[in-house]
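Taking it in order: structure first as structure tokens, then the write-up.
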Amino acid sequence: MNLTQLIKIIAFYGRLTPSYTQIGFYARRLSWHSKKPFNFDGQCWLITGANAGLGKAMMHAAVSSGADVIAVARNAEKLDAAIAELPTQRADRVTPLIADMSLQIDTQKLLDSLIATDKSIDVLQNNVGVLLNEHTVTSEGREKSFVTNILSHFLLTEGLLEQGKFAKSAVIVNMSSGGMYNVPLTYKLLNNLDPAKYNGKVAYGFAKRAQLALSQYWNEQYCENGLRVYTTHPGWARTPGVKSSLPLFWKLQNLILRTPAQGADTALWLCAERPEVSRDEEVIWFDRKPRPTHLFAHTRTPRCTVAELVDFLKKELLLVSGSHE
Ligand SMILES: NC(=O)c1ccc[n+]([C@@H]2O[C@H](COP(=O)([O-])OP(=O)(O)OC[C@H]3O[C@@H](n4cnc5c(N)ncnc54)[C@H](OP(=O)(O)O)[C@@H]3O)[C@@H](O)[C@H]2O)c1
């Protein structure tokens with residue numbers, strides 16, 4: 001690491017630490033008007049990455065607030081254990097589904113099983129996400145974090161929207177990250193198959209920036225029926241993902257990181273409040289408020305349009321579904 005990089009890292013963490021940790025959560029909570037418990041009575045929720053971290057916190061909060069939850073994860077034992085932490089009556093309202101969302105084939109099977117049910121989804125939490133420091137290519141020939149963090153979200157959400165599987169006035173929440181602030185929108189660097197040019201944090205950032213663009217696309221394409229799509233980020237929360245992907249950061253910040261429930265708060269609040277979606281201004285929700293989507297000048301000029309991103313993702317999906325026909 002050279003001096004310029006070191007200065008950039010110090011500036012990034014110096015700027016964001018007070019805001020993204022518990023310090024920011026407690027400070028901002030003082031100004032929240034509504035501290036009532038959420039009420040999701042009678043709703044059907046679909047949460048991906050539901051057996052740990054923020055997804056588990058969301059699953060627990062949603063059933064505790066009256067929703068039925070379809071909980072998706074890759075590891076069945078961990079998912080069963082996360083559900084078993086709930087009191088029996090609440091646990092009975094969770095339907096576990098297993099899918100490896102780093103694979104298109106598995107995500108397609110998940111989508112097919114959801115389409116086959118008669119359930120209408122009130123809330124989709126596109127929460128699954130990974131920061132992979134090691135470059136990994138899946139059995140389908142794709143960089144693993146690209147599929148997990150964006151391609152599978154696109155496949156699942158677009159498929160459910162096309163099939164009319166959402167209830168009236170449904171909400172979709174894309175769980176992004178402050179990592180998106182480091183990069184501009186581009187589709188060209190999303191599926192990086194060259195290990196020599198791979199940096200896990202940068203790959204993660206590109207996918208997280210693309211999530212924001214997809215929110216805009218879905219709001220424009222599917223706004224009939226009252227659908228609202230939001231992008232949020234949780235700040236920095238104490239989850240297994242952060243511990244394994246960012247061990248040094250974990251050591252330095254662990255004591256002041258948010259709890260998973262605090263990290264999930266805005267994603268839940270958006271579903272309860274359904275704030276107006278802005279057509280003029282791109283925003284990311286954090287601590288119950290819309291926030292700017294750029295902090296640094298170098299990310300302000302997108303390297304592709306939203307339409308080009310969507311076109312790229314659609315073409316990617318054809319590559320694997322086509323090869324299995
Ligand atoms: N925690 C933070 O501070 C933070 C900050 C910014 C953004 N975020 C975002 O918030 C979301 C949740 O993060 P987290 O920290 O709670 O993560 P986490 O602790 O690592 O939990 C990730 C969840 O995703 C599931 N998952 C991972 N790979 C999967 C795959 N291939 N297929 C299906 N499920 C898979 C995991 O289930 P298995 O164990 O079964 O794989 C687990 O339920 C992510 O999108 C992350 O980028 C988190």
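If you're wondering about the labels, chains in the structure tokens are A, B, ... by order shown, residues count from 1 in each chain, ligands from 1 in order shown.
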Review point. If we count only C-alpha atoms, what is near range 104-119 of chain A at a cut-off of 6 Å, once residues fewer than 4 positions away on the same chain are taken out, given as a ChimeraX atom specification?
Key: /A:99-100,156
Point to revise | Residue neighbourhood range 297-309 of chain A, 9 Å, only C-alpha atoms, exclusion window fewer than 4 positions, as an MDAnalysis selection string | key: chainID A and resid 181:188 210 213:214 216:217 293 313:314
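Every residue of range 1-94 of chain A found in strand (DSSP E or B) when DSSP is run on the backbone appears here: Cys44, Trp45, Leu46, Ile47, Thr48, Asp68, Val69, Ile70, Ala71, Val72, Ala73 and Val94 of chain A.
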Practice item. Could you tell me which of A:Met58, A:Ile7, A:Val277, A:Ala73 comes closest to ligand 1 if we count only C-alpha atoms and all ligand atoms? Key: A:Ala73
Practice item. Calculate how many Å separate CA of Asn192 in chain A from CA of Arg291 in chain A, rounding to one decimal. Key: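 It comes out at 29.1 Å.
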**Study point:** Contact residues around Ile47 in chain A with only C-alpha atoms at 12 Å, ignoring same-chain residues under 2 positions, as an MDAnalysis selection string
**Key:** chainID A and resid 44:45 49:52 54:63 67:73 79 94:98 121:129 153 156:157 171:175 264 267:268
Restricted to N, CA and C atoms, what would the selected residues look like written as a short mmCIF file (atom, residue, chain, number, x, y, z; two decimals), in the first residue's frame?
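File produced: result39.cif:
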data_model
loop_
_atom_site.label_atom_id
_atom_site.label_comp_id
_atom_site.auth_asym_id
_atom_site.auth_seq_id
_atom_site.Cartn_x
_atom_site.Cartn_y
_atom_site.Cartn_z
N CYS A 44 -46.82 -11.05 3.54
CA CYS A 44 -45.90 -12.13 3.19
C CYS A 44 -44.57 -11.52 2.76
N TRP A 45 -43.52 -11.87 3.46
CA TRP A 45 -42.18 -11.33 3.19
C TRP A 45 -41.29 -12.41 2.60
N GLY A 49 -30.74 -14.39 2.29
CA GLY A 49 -29.65 -14.29 3.28
C GLY A 49 -30.22 -14.16 4.68
N ALA A 50 -31.17 -15.06 5.01
CA ALA A 50 -31.98 -14.86 6.23
C ALA A 50 -31.48 -15.63 7.45
N ASN A 51 -30.35 -16.35 7.31
CA ASN A 51 -29.96 -17.17 8.46
C ASN A 51 -28.88 -16.53 9.35
N ALA A 52 -28.44 -15.34 9.00
CA ALA A 52 -27.37 -14.70 9.80
C ALA A 52 -27.47 -13.19 9.64
N LEU A 54 -27.86 -9.36 9.23
CA LEU A 54 -29.01 -8.45 9.03
C LEU A 54 -30.25 -9.22 8.59
N GLY A 55 -30.07 -10.22 7.74
CA GLY A 55 -31.22 -10.99 7.23
C GLY A 55 -31.94 -11.71 8.36
N LYS A 56 -31.16 -12.27 9.28
CA LYS A 56 -31.78 -12.94 10.43
C LYS A 56 -32.51 -11.92 11.30
N ALA A 57 -31.90 -10.77 11.51
CA ALA A 57 -32.56 -9.72 12.30
C ALA A 57 -33.87 -9.30 11.64
N MET A 58 -33.87 -9.22 10.33
CA MET A 58 -35.10 -8.83 9.60
C MET A 58 -36.15 -9.92 9.72
N MET A 59 -35.70 -11.17 9.59
CA MET A 59 -36.66 -12.29 9.68
C MET A 59 -37.32 -12.28 11.06
N HIS A 60 -36.51 -12.12 12.10
CA HIS A 60 -37.06 -12.12 13.46
C HIS A 60 -38.01 -10.93 13.66
N ALA A 61 -37.60 -9.76 13.17
CA ALA A 61 -38.45 -8.56 13.34
C ALA A 61 -39.74 -8.70 12.55
N ALA A 62 -39.66 -9.23 11.34
CA ALA A 62 -40.87 -9.31 10.49
C ALA A 62 -41.90 -10.26 11.10
N VAL A 63 -41.47 -11.45 11.53
CA VAL A 63 -42.47 -12.37 12.14
C VAL A 63 -42.97 -11.83 13.48
N ALA A 67 -45.76 -10.65 10.26
CA ALA A 67 -45.65 -11.15 8.88
C ALA A 67 -45.39 -12.66 8.85
N ASP A 68 -45.74 -13.28 7.70
CA ASP A 68 -45.23 -14.61 7.37
C ASP A 68 -43.97 -14.39 6.54
N VAL A 69 -42.96 -15.20 6.76
CA VAL A 69 -41.68 -14.95 6.07
C VAL A 69 -41.23 -16.19 5.31
N ILE A 70 -40.88 -15.97 4.04
CA ILE A 70 -40.17 -17.01 3.28
C ILE A 70 -38.69 -16.64 3.42
N ALA A 71 -37.95 -17.51 4.10
CA ALA A 71 -36.56 -17.19 4.47
C ALA A 71 -35.61 -18.03 3.61
N VAL A 72 -34.76 -17.32 2.86
CA VAL A 72 -33.85 -18.02 1.94
C VAL A 72 -32.41 -17.95 2.45
N ALA A 73 -31.73 -19.08 2.44
CA ALA A 73 -30.28 -19.09 2.71
C ALA A 73 -29.70 -20.32 2.02
N LEU A 79 -29.99 -22.11 8.88
CA LEU A 79 -31.31 -21.48 8.72
C LEU A 79 -32.28 -22.07 9.75
N VAL A 94 -42.54 -19.13 9.52
CA VAL A 94 -41.38 -19.00 8.61
C VAL A 94 -41.30 -20.23 7.70
N THR A 95 -41.20 -19.99 6.41
CA THR A 95 -40.99 -21.09 5.45
C THR A 95 -39.54 -21.02 4.98
N PRO A 96 -38.73 -22.03 5.33
CA PRO A 96 -37.33 -21.97 4.89
C PRO A 96 -37.18 -22.47 3.45
N LEU A 97 -36.37 -21.81 2.68
CA LEU A 97 -36.05 -22.28 1.32
C LEU A 97 -34.54 -22.21 1.13
N ILE A 98 -34.00 -23.27 0.57
CA ILE A 98 -32.55 -23.34 0.42
C ILE A 98 -32.16 -23.07 -1.04
N ILE A 121 -46.33 -11.63 -2.79
CA ILE A 121 -45.30 -11.10 -1.88
C ILE A 121 -45.55 -9.62 -1.60
N ASP A 122 -45.59 -9.27 -0.33
CA ASP A 122 -45.76 -7.87 0.06
C ASP A 122 -44.41 -7.17 0.16
N VAL A 123 -43.41 -7.91 0.62
CA VAL A 123 -42.08 -7.31 0.81
C VAL A 123 -41.00 -8.27 0.34
N LEU A 124 -40.11 -7.77 -0.49
CA LEU A 124 -38.91 -8.54 -0.85
C LEU A 124 -37.70 -7.79 -0.31
N GLN A 125 -36.96 -8.45 0.54
CA GLN A 125 -35.68 -7.89 1.04
C GLN A 125 -34.55 -8.57 0.27
N ASN A 126 -34.00 -7.87 -0.71
CA ASN A 126 -32.85 -8.37 -1.46
C ASN A 126 -31.61 -8.12 -0.59
N ASN A 127 -31.44 -9.00 0.38
CA ASN A 127 -30.43 -8.76 1.42
C ASN A 127 -29.13 -9.55 1.19
N VAL A 128 -29.22 -10.68 0.46
CA VAL A 128 -28.02 -11.52 0.36
C VAL A 128 -26.87 -10.71 -0.26
N GLY A 129 -25.69 -10.87 0.34
CA GLY A 129 -24.54 -10.13 -0.18
C GLY A 129 -23.27 -10.62 0.48
N HIS A 153 -29.97 -11.19 -7.66
CA HIS A 153 -31.02 -10.24 -7.24
C HIS A 153 -31.88 -9.88 -8.46
N LEU A 156 -34.05 -12.95 -9.65
CA LEU A 156 -35.17 -13.23 -8.73
C LEU A 156 -36.23 -12.12 -8.81
N THR A 157 -35.79 -10.88 -8.72
CA THR A 157 -36.74 -9.76 -8.65
C THR A 157 -37.46 -9.56 -9.97
N VAL A 171 -43.38 -3.67 -1.50
CA VAL A 171 -42.11 -2.95 -1.30
C VAL A 171 -40.95 -3.89 -1.60
N ILE A 172 -39.99 -3.37 -2.34
CA ILE A 172 -38.73 -4.11 -2.54
C ILE A 172 -37.61 -3.26 -1.95
N VAL A 173 -36.78 -3.89 -1.13
CA VAL A 173 -35.64 -3.17 -0.55
C VAL A 173 -34.35 -3.83 -1.01
N ASN A 174 -33.49 -3.04 -1.63
CA ASN A 174 -32.17 -3.53 -2.03
C ASN A 174 -31.16 -3.11 -0.98
N MET A 175 -30.54 -4.10 -0.35
CA MET A 175 -29.57 -3.80 0.72
C MET A 175 -28.20 -3.55 0.10
N ALA A 264 -30.47 -3.28 10.48
CA ALA A 264 -31.66 -3.62 9.67
C ALA A 264 -32.79 -2.60 9.84
N ALA A 267 -34.21 -0.69 6.70
CA ALA A 267 -34.84 -1.62 5.75
C ALA A 267 -36.25 -1.99 6.22
N LEU A 268 -36.44 -2.12 7.51
CA LEU A 268 -37.76 -2.45 8.07
C LEU A 268 -38.66 -1.21 8.06
#
Point to revise | Using only C-alpha atoms: which of A:Gly141, A:Glu282, A:Leu131, A:Thr88 has the shortest distance to Asn199 in chain A | key: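 The shortest atom-to-atom distance to Asn199 in chain A comes from A:Leu131.
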Check your understanding: What does the distance from CA of Gln89 in chain A to CA of Phe38 in chain A come to in Å, to one decimal?
Key ->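 It comes out at 18.4 Å.
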Practice item. For Arg274 in chain A, list every protein, DNA or RNA residue within 10 Å, evaluated using only C-alpha atoms, and leave out those in the same chain fewer than 6 positions away; present the list as a ChimeraX atom specification. Key: /A:169-171,227-230,268
Just the selected residues (C-alpha atoms), exported as a PDB file, in the first residue's frame, please.
ATOM      1  CA  SER A 169     -48.465  -1.686  -2.872  1.00  0.00           C
ATOM      2  CA  ALA A 170     -45.567  -4.075  -2.387  1.00  0.00           C
ATOM      3  CA  VAL A 171     -42.113  -2.950  -1.297  1.00  0.00           C
ATOM      4  CA  LEU A 227     -44.867  -0.880  -6.036  1.00  0.00           C
ATOM      5  CA  ARG A 228     -42.041   1.017  -4.344  1.00  0.00           C
ATOM      6  CA  VAL A 229     -38.399   0.048  -4.596  1.00  0.00           C
ATOM      7  CA  TYR A 230     -35.778   1.453  -2.245  1.00  0.00           C
ATOM      8  CA  LEU A 268     -37.761  -2.452   8.065  1.00  0.00           C
TER       9      LEU A 268
END
Practice item. Find the residues around Val147 in chain A up to 7 Å (only C-alpha atoms counted), leave out those fewer than 5 positions away in its own chain, and share them as a PyMOL selection string. Key: chain A and resi 102-103+152
Check your understanding: Using only C-alpha atoms and all ligand atoms, which of A:Phe12, A:Phe286, A:Phe40, A:Phe296 sits nearest ligand 1?
Key ->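 The shortest atom-to-atom distance to ligand 1 comes from A:Phe286.
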**Study point:** Shell around Glu134 in chain A at 10 Å using only C-alpha atoms, local window under 4 positions removed, as a ChimeraX atom specification
**Key:** /A:144-145,195,198-200,245
Kindly save the residues from that selection, with C-alpha atoms included, as a PDB file, in the first residue's frame.
ATOM      1  CA  LYS A 144     -18.874 -15.476  -7.420  1.00  0.00           C
ATOM      2  CA  SER A 145     -19.599 -12.137  -5.739  1.00  0.00           C
ATOM      3  CA  PRO A 195      -7.723 -12.867 -10.698  1.00  0.00           C
ATOM      4  CA  TYR A 198      -9.565  -8.603  -8.884  1.00  0.00           C
ATOM      5  CA  ASN A 199     -10.022  -6.682  -5.656  1.00  0.00           C
ATOM      6  CA  GLY A 200     -12.863  -8.025  -3.487  1.00  0.00           C
ATOM      7  CA  SER A 245     -14.456 -10.430   5.275  1.00  0.00           C
TER       8      SER A 245
END
Review point. Hey, can you check how far CA of Ala261 in chain A sits from CA of Phe146 in chain A?
Key: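 The value is 26.2 Å.
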Exercise for review: Tell me, as JSON, numbers by chain, which residues lie within 7 Å of Ala237 in chain A, counting only C-alpha atoms; anything in the same chain fewer than 3 positions away does not count.
Suggested key: {"A": [234, 257, 258, 259, 260, 263]}
Output file for the selection above: C-alpha atoms, as a PDB file, in the first residue's frame:
ATOM      1  CA  PRO A 234     -27.048  -0.436   7.153  1.00  0.00           C
ATOM      2  CA  LEU A 257     -20.395  -1.484  15.421  1.00  0.00           C
ATOM      3  CA  ARG A 258     -24.200  -1.474  15.251  1.00  0.00           C
ATOM      4  CA  THR A 259     -26.163  -4.507  16.298  1.00  0.00           C
ATOM      5  CA  PRO A 260     -27.723  -6.437  13.376  1.00  0.00           C
ATOM      6  CA  GLY A 263     -28.322  -2.235  10.906  1.00  0.00           C
TER       7      GLY A 263
END
**Study point:** Per-residue DSSP, range 153-189 of chain A, filtered to alpha helix (DSSP H), as a PyMOL selection string
**Key:** chain A and resi 153-162
Residue subset to file, keeping C-alpha atoms, as a PDB file, in the first residue's frame:
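Output below, filename again.pdb:
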ATOM      1  CA  HIS A 153     -31.024 -10.239  -7.242  1.00  0.00           C
ATOM      2  CA  PHE A 154     -31.864  -9.251 -10.806  1.00  0.00           C
ATOM      3  CA  LEU A 155     -32.990 -12.749 -11.796  1.00  0.00           C
ATOM      4  CA  LEU A 156     -35.168 -13.226  -8.728  1.00  0.00           C
ATOM      5  CA  THR A 157     -36.738  -9.755  -8.646  1.00  0.00           C
ATOM      6  CA  GLU A 158     -37.292  -9.365 -12.380  1.00  0.00           C
ATOM      7  CA  GLY A 159     -38.760 -12.888 -12.545  1.00  0.00           C
ATOM      8  CA  LEU A 160     -41.196 -12.216  -9.701  1.00  0.00           C
ATOM      9  CA  LEU A 161     -42.178  -8.845 -11.210  1.00  0.00           C
ATOM     10  CA  GLU A 162     -42.716 -10.311 -14.685  1.00  0.00           C
TER      11      GLU A 162
END
**Study point:** Residue among A:Asp92, A:Asp265, A:Asp194, A:Glu224 lying closest to ligand 1, counting only C-alpha atoms and all ligand atoms
**Key:**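 The closest residue to ligand 1 is A:Asp265.
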Check your understanding: Using only C-alpha atoms and all ligand atoms, which of the listed residues (A:Tyr20, A:Tyr26, A:Trp269, A:Tyr13) sits closest to ligand 1?
Key ->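 Distance minimum relative to ligand 1 lands on A:Tyr20.
Take the candidates A:Glu140, A:Glu273, A:Glu77, A:Glu85 and check each one against ligand 1 using only C-alpha atoms and all ligand atoms; the shortest distance goes to A:Glu77.
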